[in-house]
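Participant: My structure is in work11.tsv, and what it holds is TSV, C-alpha atoms and all ligand atoms:
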chain	number	residue	atom	x	y	z
Q	1	MET	CA	6.62	-25.41	-26.55
Q	2	HIS	CA	6.46	-23.23	-23.42
Q	3	CYS	CA	4.22	-20.21	-23.39
Q	4	SER	CA	5.96	-16.89	-23.86
Q	5	THR	CA	3.94	-14.63	-21.57
Q	6	PRO	CA	6.48	-12.52	-19.70
Q	7	ASP	CA	6.23	-12.75	-15.93
Q	8	PRO	CA	7.55	-10.08	-13.57
Q	9	ARG	CA	8.99	-12.77	-11.31
Q	10	ARG	CA	12.57	-13.44	-12.28
Q	11	THR	CA	15.16	-16.09	-11.70
Q	12	PRO	CA	18.10	-15.28	-9.39
Q	13	ARG	CA	20.16	-14.16	-12.36
Q	14	GLY	CA	17.38	-11.93	-13.65
Q	15	THR	CA	16.14	-14.05	-16.54
Q	16	PRO	CA	12.39	-13.83	-17.00
Q	17	GLU	CA	10.53	-17.12	-16.84
Q	18	PRO	CA	7.12	-17.86	-18.35
Q	19	HIS	CA	4.39	-17.96	-15.68
Q	20	GLY	CA	6.89	-18.06	-12.86
Q	21	GLY	CA	8.37	-21.37	-13.95
Q	22	ARG	CA	5.29	-23.38	-14.99
Q	23	CYS	CA	3.68	-23.25	-18.39
Q	24	THR	CA	0.00	-23.62	-19.16
Q	25	CYS	CA	0.95	-27.09	-20.40
Q	26	GLY	CA	1.88	-27.91	-16.79
Q	27	ILE	CA	5.54	-28.66	-17.55
Q	28	ARG	CA	7.97	-27.30	-15.01
Q	29	THR	CA	10.76	-25.18	-16.45
Q	30	GLU	CA	14.37	-25.72	-15.42
Q	31	GLY	CA	14.18	-22.82	-12.96
Q	32	ALA	CA	11.09	-24.26	-11.26
Q	33	ARG	CA	12.76	-27.66	-10.93
Q	34	ALA	CA	15.84	-26.02	-9.38
Q	35	ARG	CA	13.66	-24.04	-6.93
Q	36	ALA	CA	11.90	-27.23	-5.87
Q	37	ARG	CA	15.29	-28.66	-4.80
Q	38	VAL	CA	16.76	-25.51	-3.23
Q	39	PRO	CA	15.14	-24.06	-0.10
Q	40	PRO	CA	14.01	-20.44	-0.31
Q	41	MET	CA	16.34	-17.86	1.20
Q	42	ILE	CA	13.64	-16.91	3.72
Q	43	ARG	CA	10.54	-18.80	4.75
Q	44	PHE	CA	8.01	-17.72	7.40
Q	45	ASP	CA	5.53	-20.37	8.55
Q	46	ASN	CA	2.62	-18.95	10.53
Q	47	VAL	CA	4.91	-16.61	12.46
Q	48	GLY	CA	3.68	-14.56	15.40
Q	49	LYS	CA	5.55	-12.12	17.60
Q	50	ARG	CA	4.27	-10.70	20.86
Q	51	TYR	CA	6.63	-8.38	22.71
Q	52	PRO	CA	6.74	-8.81	26.48
Q	53	GLY	CA	3.90	-6.77	27.92
Q	54	GLY	CA	2.95	-5.55	24.45
Q	55	HIS	CA	0.36	-6.40	21.87
Q	56	GLU	CA	0.93	-8.79	18.99
Q	57	ALA	CA	3.38	-7.14	16.54
Q	58	LEU	CA	3.02	-10.01	14.00
Q	59	ALA	CA	0.37	-12.72	13.66
Q	60	GLY	CA	-0.01	-15.64	11.22
Q	61	VAL	CA	2.69	-14.39	8.85
Q	62	SER	CA	3.62	-16.88	6.12
Q	63	PHE	CA	5.62	-16.17	2.98
Q	64	ARG	CA	8.76	-17.22	1.14
Q	65	LEU	CA	11.45	-15.16	-0.50
Q	66	GLU	CA	13.32	-17.11	-3.16
Q	67	ARG	CA	17.08	-17.01	-3.54
Q	68	GLY	CA	18.11	-14.07	-5.67
Q	69	GLU	CA	14.70	-12.42	-5.35
Q	70	MET	CA	14.28	-8.73	-4.54
Q	71	ALA	CA	11.11	-7.72	-2.68
Q	72	PHE	CA	9.69	-4.85	-0.69
Q	73	LEU	CA	7.96	-4.95	2.65
Q	74	THR	CA	5.51	-2.14	3.20
Q	75	GLY	CA	2.78	-1.06	5.60
Q	76	HIS	CA	1.83	1.73	7.97
Q	77	SER	CA	4.00	2.80	10.87
Q	78	GLY	CA	3.71	0.10	13.56
Q	79	ALA	CA	2.55	-2.55	11.04
Q	80	GLY	CA	5.42	-4.85	12.01
Q	81	LYS	CA	7.99	-4.27	9.23
Q	82	SER	CA	10.99	-3.80	11.54
Q	83	THR	CA	9.86	-6.71	13.69
Q	84	LEU	CA	9.75	-9.00	10.65
Q	85	LEU	CA	13.28	-7.98	9.64
Q	86	ARG	CA	14.51	-8.33	13.24
Q	87	LEU	CA	13.25	-11.92	13.31
Q	88	ILE	CA	15.31	-12.74	10.21
Q	89	ALA	CA	18.36	-11.01	11.71
Q	90	LEU	CA	17.93	-12.95	14.98
Q	91	ILE	CA	17.60	-9.70	16.91
Q	92	GLU	CA	14.20	-10.98	18.08
Q	93	ARG	CA	12.73	-14.49	18.27
Q	94	PRO	CA	9.19	-15.41	17.21
Q	95	THR	CA	6.65	-16.34	19.86
Q	96	ARG	CA	4.82	-18.59	17.34
Q	97	GLY	CA	5.69	-20.39	14.12
Q	98	GLN	CA	9.01	-20.83	12.34
Q	99	VAL	CA	11.45	-18.60	10.50
Q	100	LEU	CA	13.81	-20.46	8.16
Q	101	LEU	CA	16.93	-18.94	6.62
Q	102	ASP	CA	18.22	-20.94	3.69
Q	103	GLY	CA	16.40	-23.99	5.10
Q	104	GLU	CA	17.74	-23.55	8.65
Q	105	ASN	CA	15.17	-23.13	11.41
Q	106	LEU	CA	16.32	-19.97	13.20
Q	107	GLY	CA	14.40	-21.03	16.30
Q	108	ARG	CA	17.05	-23.70	16.85
Q	109	VAL	CA	20.05	-21.36	16.56
Q	110	ARG	CA	21.79	-21.10	19.92
Q	111	ARG	CA	22.93	-17.72	21.18
Q	112	ARG	CA	26.64	-18.35	20.56
Q	113	ARG	CA	25.96	-19.27	16.92
Q	114	VAL	CA	23.97	-16.09	16.23
Q	115	PRO	CA	27.01	-14.07	14.99
Q	116	TYR	CA	27.84	-16.83	12.50
Q	117	VAL	CA	24.30	-16.89	11.13
Q	118	ARG	CA	24.37	-13.08	10.85
Q	119	ARG	CA	27.44	-13.32	8.61
Q	120	ARG	CA	25.09	-14.65	5.94
Q	121	MET	CA	23.33	-11.29	5.79
Q	122	GLY	CA	24.06	-7.59	5.48
Q	123	ILE	CA	21.78	-5.20	7.34
Q	124	ILE	CA	21.12	-1.55	6.47
Q	125	PHE	CA	19.24	0.87	8.74
Q	126	GLN	CA	17.50	4.20	8.16
Q	127	ASP	CA	19.97	6.03	10.42
Q	128	TYR	CA	23.12	4.45	8.84
Q	129	ARG	CA	24.57	3.48	12.28
Q	130	LEU	CA	28.13	4.48	11.39
Q	131	LEU	CA	30.94	5.00	13.88
Q	132	HIS	CA	31.44	8.75	13.63
Q	133	GLU	CA	34.92	8.91	15.11
Q	134	ARG	CA	36.17	6.30	12.60
Q	135	THR	CA	37.03	6.82	8.94
Q	136	VAL	CA	34.91	5.52	6.08
Q	137	PHE	CA	37.53	2.78	5.57
Q	138	ASP	CA	37.35	1.65	9.21
Q	139	ASN	CA	33.56	1.61	9.16
Q	140	VAL	CA	33.41	-0.58	6.07
Q	141	ALA	CA	36.25	-2.80	7.32
Q	142	LEU	CA	34.49	-3.57	10.62
Q	143	PRO	CA	32.76	-6.86	9.65
Q	144	LEU	CA	36.01	-8.21	8.16
Q	145	VAL	CA	38.06	-7.13	11.20
Q	146	ILE	CA	35.58	-8.95	13.46
Q	147	GLU	CA	35.91	-12.05	11.26
Q	148	GLY	CA	39.72	-11.80	11.59
Q	149	HIS	CA	40.76	-11.48	7.95
Q	150	PRO	CA	44.37	-10.51	7.08
Q	151	HIS	CA	44.98	-6.77	6.70
Q	152	ALA	CA	45.88	-6.89	2.99
Q	153	GLU	CA	42.69	-8.78	2.19
Q	154	ILE	CA	40.62	-6.34	4.25
Q	155	ALA	CA	42.11	-3.39	2.37
Q	156	ARG	CA	41.39	-5.00	-1.00
Q	157	ARG	CA	37.80	-5.92	-0.11
Q	158	VAL	CA	36.98	-2.56	1.49
Q	159	ARG	CA	38.13	-0.76	-1.65
Q	160	ALA	CA	36.10	-3.12	-3.84
Q	161	ALA	CA	32.99	-2.47	-1.71
Q	162	LEU	CA	33.53	1.31	-1.77
Q	163	ASP	CA	34.02	1.13	-5.53
Q	164	LYS	CA	30.67	-0.68	-5.89
Q	165	VAL	CA	28.84	2.10	-4.05
Q	166	GLY	CA	30.71	4.87	-5.89
Q	167	LEU	CA	32.78	6.09	-2.92
Q	168	LEU	CA	36.31	5.05	-3.83
Q	169	GLY	CA	38.58	7.91	-2.81
Q	170	ARG	CA	36.58	8.78	0.34
Q	171	GLU	CA	38.27	6.12	2.47
Q	172	ARG	CA	40.08	8.54	4.77
Q	173	MET	CA	37.12	10.83	5.39
Q	174	LEU	CA	34.98	10.85	8.51
Q	175	PRO	CA	31.28	10.03	7.97
Q	176	VAL	CA	30.11	13.44	9.30
Q	177	THR	CA	31.85	15.15	6.38
Q	178	LEU	CA	29.67	13.20	3.90
Q	179	SER	CA	26.12	13.88	2.76
Q	180	GLY	CA	23.22	11.69	3.98
Q	181	GLY	CA	23.15	9.78	0.70
Q	182	GLU	CA	26.90	9.16	0.89
Q	183	GLN	CA	26.63	8.00	4.51
Q	184	GLN	CA	23.96	5.51	3.48
Q	185	ARG	CA	26.30	4.30	0.70
Q	186	VAL	CA	29.00	3.74	3.33
Q	187	SER	CA	26.57	1.67	5.39
Q	188	ILE	CA	25.67	-0.35	2.27
Q	189	ALA	CA	29.39	-0.92	1.55
Q	190	ARG	CA	29.77	-2.17	5.14
Q	191	ALA	CA	26.77	-4.48	4.66
Q	192	VAL	CA	28.12	-6.05	1.45
Q	193	VAL	CA	31.86	-6.14	2.19
Q	194	HIS	CA	31.71	-9.76	3.41
Q	195	LYS	CA	29.63	-10.72	0.35
Q	196	PRO	CA	26.49	-11.96	2.11
Q	197	PRO	CA	23.88	-13.74	-0.01
Q	198	LEU	CA	21.10	-11.75	1.73
Q	199	LEU	CA	20.61	-8.00	2.22
Q	200	LEU	CA	17.99	-6.66	4.65
Q	201	ALA	CA	17.24	-2.94	4.70
Q	202	ASP	CA	14.94	-1.16	7.15
Q	203	GLU	CA	13.65	2.12	5.65
Q	204	PRO	CA	17.02	2.77	3.98
Q	205	THR	CA	15.76	5.91	2.23
Q	206	GLY	CA	13.75	7.28	5.17
Q	207	ASN	CA	16.12	10.23	5.68
Q	208	LEU	CA	16.82	10.98	2.03
Q	209	ASP	CA	15.22	13.20	-0.60
Q	210	PRO	CA	13.53	11.56	-3.63
Q	211	ASP	CA	16.56	11.75	-5.96
Q	212	LEU	CA	18.95	10.25	-3.43
Q	213	SER	CA	16.33	7.65	-2.47
Q	214	ARG	CA	16.14	6.50	-6.08
Q	215	GLU	CA	19.94	6.27	-6.32
Q	216	ILE	CA	20.06	4.12	-3.18
Q	217	MET	CA	17.30	1.82	-4.50
Q	218	GLU	CA	19.17	1.47	-7.79
Q	219	LEU	CA	22.21	0.41	-5.82
Q	220	PHE	CA	20.15	-2.37	-4.20
Q	221	GLU	CA	18.91	-3.29	-7.67
Q	222	GLN	CA	22.54	-3.71	-8.82
Q	223	PHE	CA	23.23	-6.17	-5.99
Q	224	HIS	CA	20.01	-8.02	-6.88
Q	225	GLN	CA	21.18	-8.24	-10.50
Q	226	VAL	CA	24.29	-10.17	-9.44
Q	227	GLY	CA	22.26	-12.72	-7.47
Q	228	VAL	CA	21.95	-11.23	-3.98
Q	229	THR	CA	18.58	-11.73	-2.25
Q	230	VAL	CA	17.22	-8.34	-1.14
Q	231	LEU	CA	14.35	-7.51	1.24
Q	232	ILE	CA	13.66	-3.81	1.83
Q	233	ALA	CA	11.15	-2.36	4.29
Q	234	SER	CA	9.87	0.97	3.00
Q	235	HIS	CA	6.67	2.99	3.08
Q	236	ASP	CA	7.66	5.03	0.01
Q	237	LEU	CA	4.96	3.56	-2.24
Q	238	ASP	CA	5.77	5.70	-5.29
Q	239	LEU	CA	9.38	4.58	-5.25
Q	240	ILE	CA	8.43	0.94	-4.61
Q	241	ARG	CA	5.94	0.98	-7.50
Q	242	SER	CA	8.56	2.30	-9.88
Q	243	MET	CA	10.98	-0.53	-9.01
Q	244	GLY	CA	8.64	-3.29	-10.23
Q	245	HIS	CA	9.37	-5.97	-7.62
Q	246	ARG	CA	7.10	-8.10	-5.43
Q	247	VAL	CA	5.54	-6.26	-2.51
Q	248	LEU	CA	4.62	-7.80	0.83
Q	249	ARG	CA	2.14	-5.56	2.64
Q	250	LEU	CA	1.65	-5.72	6.39
Q	251	ARG	CA	-1.43	-4.32	8.11
Q	252	ALA	CA	-1.44	-4.43	11.91
Q	253	GLY	CA	0.92	-7.38	11.96
Q	254	ARG	CA	-0.78	-9.46	9.27
Q	255	LEU	CA	0.22	-9.96	5.66
Q	256	ASP	CA	-2.43	-8.86	3.19
Q	257	ALA	CA	-4.42	-11.39	1.19
Q	258	ALA	CA	-4.19	-14.11	3.84
Q	259	GLY	CA	-0.44	-14.06	3.79
Q	260	LEU	CA	-0.06	-14.12	0.03
Q	261	PRO	CA	2.36	-11.57	-1.36
Q	262	GLU	CA	0.67	-8.66	-3.03
Q	263	ARG	CA	1.85	-7.13	-6.28
Q	264	VAL	CA	1.68	-3.41	-6.72
Q	265	ALA	CA	0.30	-2.70	-10.18
A	301	LIG	P1	7.03	-0.84	11.77
A	301	LIG	O1	8.48	-1.17	11.50
A	301	LIG	O2	6.11	-1.31	10.68
A	301	LIG	O3	6.82	0.61	12.10
A	301	LIG	P2	7.46	-2.30	14.26
A	301	LIG	O4	7.85	-3.68	13.90
A	301	LIG	O5	8.55	-1.36	14.67
A	301	LIG	O6	6.59	-1.66	13.06
A	301	LIG	O7	6.41	-2.34	15.44
A	301	LIG	C1	5.26	-3.18	15.41
A	301	LIG	C2	4.53	-3.07	16.75
A	301	LIG	O8	5.34	-3.65	17.77
A	301	LIG	C3	4.28	-1.64	17.18
A	301	LIG	O9	3.02	-1.59	17.83
A	301	LIG	C4	5.39	-1.34	18.15
A	301	LIG	O10	5.01	-0.39	19.11
A	301	LIG	C5	5.62	-2.71	18.79
A	301	LIG	N1	7.02	-2.90	19.20
A	301	LIG	C6	8.10	-2.83	18.40
A	301	LIG	N2	9.22	-3.09	19.10
A	301	LIG	C7	8.83	-3.32	20.39
A	301	LIG	C8	9.51	-3.65	21.61
A	301	LIG	N3	10.83	-3.81	21.63
A	301	LIG	N4	8.76	-3.82	22.73
A	301	LIG	C9	7.42	-3.69	22.71
A	301	LIG	N5	6.71	-3.40	21.60
A	301	LIG	C10	7.40	-3.21	20.45
For the file at hand, write its structure as structure tokens.
Facilitator:
Amino acid sequence: MHCSTPDPRRTPRGTPEPHGGRCTCGIRTEGARARARVPPMIRFDNVGKRYPGGHEALAGVSFRLERGEMAFLTGHSGAGKSTLLRLIALIERPTRGQVLLDGENLGRVRRRRVPYVRRRMGIIFQDYRLLHERTVFDNVALPLVIEGHPHAEIARRVRAALDKVGLLGRERMLPVTLSGGEQQRVSIARAVVHKPPLLLADEPTGNLDPDLSREIMELFEQFHQVGVTVLIASHDLDLIRSMGHRVLRLRAGRLDAAGLPERVA
């Protein structure tokens, strides 16, 4: 019989597994066997990034983020959090090592294929990056318009995304008429409208007060609960602690504990 010690690591669907998939008896659970076959959503192998003329933003970074996992990336200002996310989003390229997305080596992705790889992710920024002269509907529709979906399908999917973030009924409004928390919800709706398996967020609560920050994190938690892989850069340690997920901590471009993910107690 497998041991019953609960482990904070969870399967993509949120089911706890004993000892992260391996019992004291050494037998692999079903989840561990499945993970051995399926590549992680993100894998960094000894990644370094040196900006032209700058110092090393990342050095020797190795970790994996499993499919369906939710994790936080933390560290001081300038520690390399944005750089790490930008490498996954193909906004920057590493100067050393490999970044793999769902088993694909991003170093081999040619420039013209970058937009197609980016369709596999939704990206959320601290400053929302909304088009202020466009309605909420148009902002959320943007990724689907770029992909060339039929109008009726776009309308249906935009409403579904706005419903998920609690903003149905605000479609015709301009972003400036919304609160900061609502604007961030619009940017999250835009990030999820094409149903990407991966969400990346760079300080998504940086401009929000504690109550709104918690609401936004709970929204990410809801996407995690339905199987989306979520990686959030944040330096709000109190909020991170209360969420109970794995924490990767960067210090001056290096992951703590020789690249092993750290858990916040
Ligand atoms: P964080 O997100 O943790 O604040 P960043 O990834 O933004 O950290 O930055 C890490 C380091 O890389 C910092 O020293 C920063 O000044 C430097 N850096 C970031 N972007 C660039 C760039 N485009 N050119 C040169 N240096 C950069």
Participant: What does the list of residues within 12 Å of ligand LIG 301 (chain A) look like if you count all atoms listed in the file, written as an mmCIF file with C-alpha atoms, keeping the file's coordinate frame?
Facilitator:
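Output file selection.cif follows:
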data_model
loop_
_atom_site.group_PDB
_atom_site.id
_atom_site.type_symbol
_atom_site.label_atom_id
_atom_site.label_comp_id
_atom_site.auth_asym_id
_atom_site.auth_seq_id
_atom_site.Cartn_x
_atom_site.Cartn_y
_atom_site.Cartn_z
ATOM 1 C CA GLY Q 48 3.680 -14.560 15.400
ATOM 2 C CA LYS Q 49 5.550 -12.120 17.600
ATOM 3 C CA ARG Q 50 4.270 -10.700 20.860
ATOM 4 C CA TYR Q 51 6.630 -8.380 22.710
ATOM 5 C CA PRO Q 52 6.740 -8.810 26.480
ATOM 6 C CA GLY Q 53 3.900 -6.770 27.920
ATOM 7 C CA GLY Q 54 2.950 -5.550 24.450
ATOM 8 C CA HIS Q 55 0.360 -6.400 21.870
ATOM 9 C CA GLU Q 56 0.930 -8.790 18.990
ATOM 10 C CA ALA Q 57 3.380 -7.140 16.540
ATOM 11 C CA LEU Q 58 3.020 -10.010 14.000
ATOM 12 C CA ALA Q 59 0.370 -12.720 13.660
ATOM 13 C CA LEU Q 73 7.960 -4.950 2.650
ATOM 14 C CA THR Q 74 5.510 -2.140 3.200
ATOM 15 C CA GLY Q 75 2.780 -1.060 5.600
ATOM 16 C CA HIS Q 76 1.830 1.730 7.970
ATOM 17 C CA SER Q 77 4.000 2.800 10.870
ATOM 18 C CA GLY Q 78 3.710 0.100 13.560
ATOM 19 C CA ALA Q 79 2.550 -2.550 11.040
ATOM 20 C CA GLY Q 80 5.420 -4.850 12.010
ATOM 21 C CA LYS Q 81 7.990 -4.270 9.230
ATOM 22 C CA SER Q 82 10.990 -3.800 11.540
ATOM 23 C CA THR Q 83 9.860 -6.710 13.690
ATOM 24 C CA LEU Q 84 9.750 -9.000 10.650
ATOM 25 C CA LEU Q 85 13.280 -7.980 9.640
ATOM 26 C CA ARG Q 86 14.510 -8.330 13.240
ATOM 27 C CA LEU Q 87 13.250 -11.920 13.310
ATOM 28 C CA ILE Q 91 17.600 -9.700 16.910
ATOM 29 C CA GLU Q 92 14.200 -10.980 18.080
ATOM 30 C CA ARG Q 93 12.730 -14.490 18.270
ATOM 31 C CA PHE Q 125 19.240 0.870 8.740
ATOM 32 C CA GLN Q 126 17.500 4.200 8.160
ATOM 33 C CA ALA Q 201 17.240 -2.940 4.700
ATOM 34 C CA ASP Q 202 14.940 -1.160 7.150
ATOM 35 C CA GLU Q 203 13.650 2.120 5.650
ATOM 36 C CA GLY Q 206 13.750 7.280 5.170
ATOM 37 C CA ILE Q 232 13.660 -3.810 1.830
ATOM 38 C CA ALA Q 233 11.150 -2.360 4.290
ATOM 39 C CA SER Q 234 9.870 0.970 3.000
ATOM 40 C CA HIS Q 235 6.670 2.990 3.080
ATOM 41 C CA LEU Q 248 4.620 -7.800 0.830
ATOM 42 C CA ARG Q 249 2.140 -5.560 2.640
ATOM 43 C CA LEU Q 250 1.650 -5.720 6.390
ATOM 44 C CA ARG Q 251 -1.430 -4.320 8.110
ATOM 45 C CA ALA Q 252 -1.440 -4.430 11.910
ATOM 46 C CA GLY Q 253 0.920 -7.380 11.960
ATOM 47 C CA ARG Q 254 -0.780 -9.460 9.270
ATOM 48 C CA LEU Q 255 0.220 -9.960 5.660
#
Participant: Which residues, written as a list in words, have at least one atom at most 8 Å from Q:Val186, with only C-alpha atoms counted and residues fewer than 4 positions away on the same chain left out?
Facilitator: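 These residues fall inside the cut-off: Val136, Asn139, Val140, Leu162, Val165, Leu167, Glu182 and Arg190 of chain Q.
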Participant: Taking into account only C-alpha atoms, which residue in the set Q:Gly97, Q:Pro196, Q:Gly180, Q:Gly166 is nearest to Q:Leu208?
Facilitator: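 Comparing Q:Gly97, Q:Pro196, Q:Gly180, Q:Gly166 against Q:Leu208, the winner is Q:Gly180.
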Participant: So the first atom is atom CA of Q:Met70 and the second is atom CA of Q:His245; what is the distance between them in Å, to one decimal place?
Facilitator: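 It comes out at 6.4 Å.
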Participant: Between atom CA of Q:Gly68 and atom CA of Q:Ile88, what is the distance, to one decimal in Å?
Facilitator: 16.2 Å
Participant: Looking at all atoms listed in the file, which of Q:Ala89, Q:Thr177, Q:Asn105, Q:Ala155 is the one that sits closest to Q:His132?
Facilitator: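 Going through Q:Ala89, Q:Thr177, Q:Asn105, Q:Ala155 one by one, the smallest distance to Q:His132 is for Q:Thr177.
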Participant: Report the distance between atom CA of Q:Arg241 and atom CA of Q:Glu218 in Å, rounded to one decimal place.
Facilitator: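 Separation between atom CA of Q:Arg241 and atom CA of Q:Glu218: 13.2 Å.
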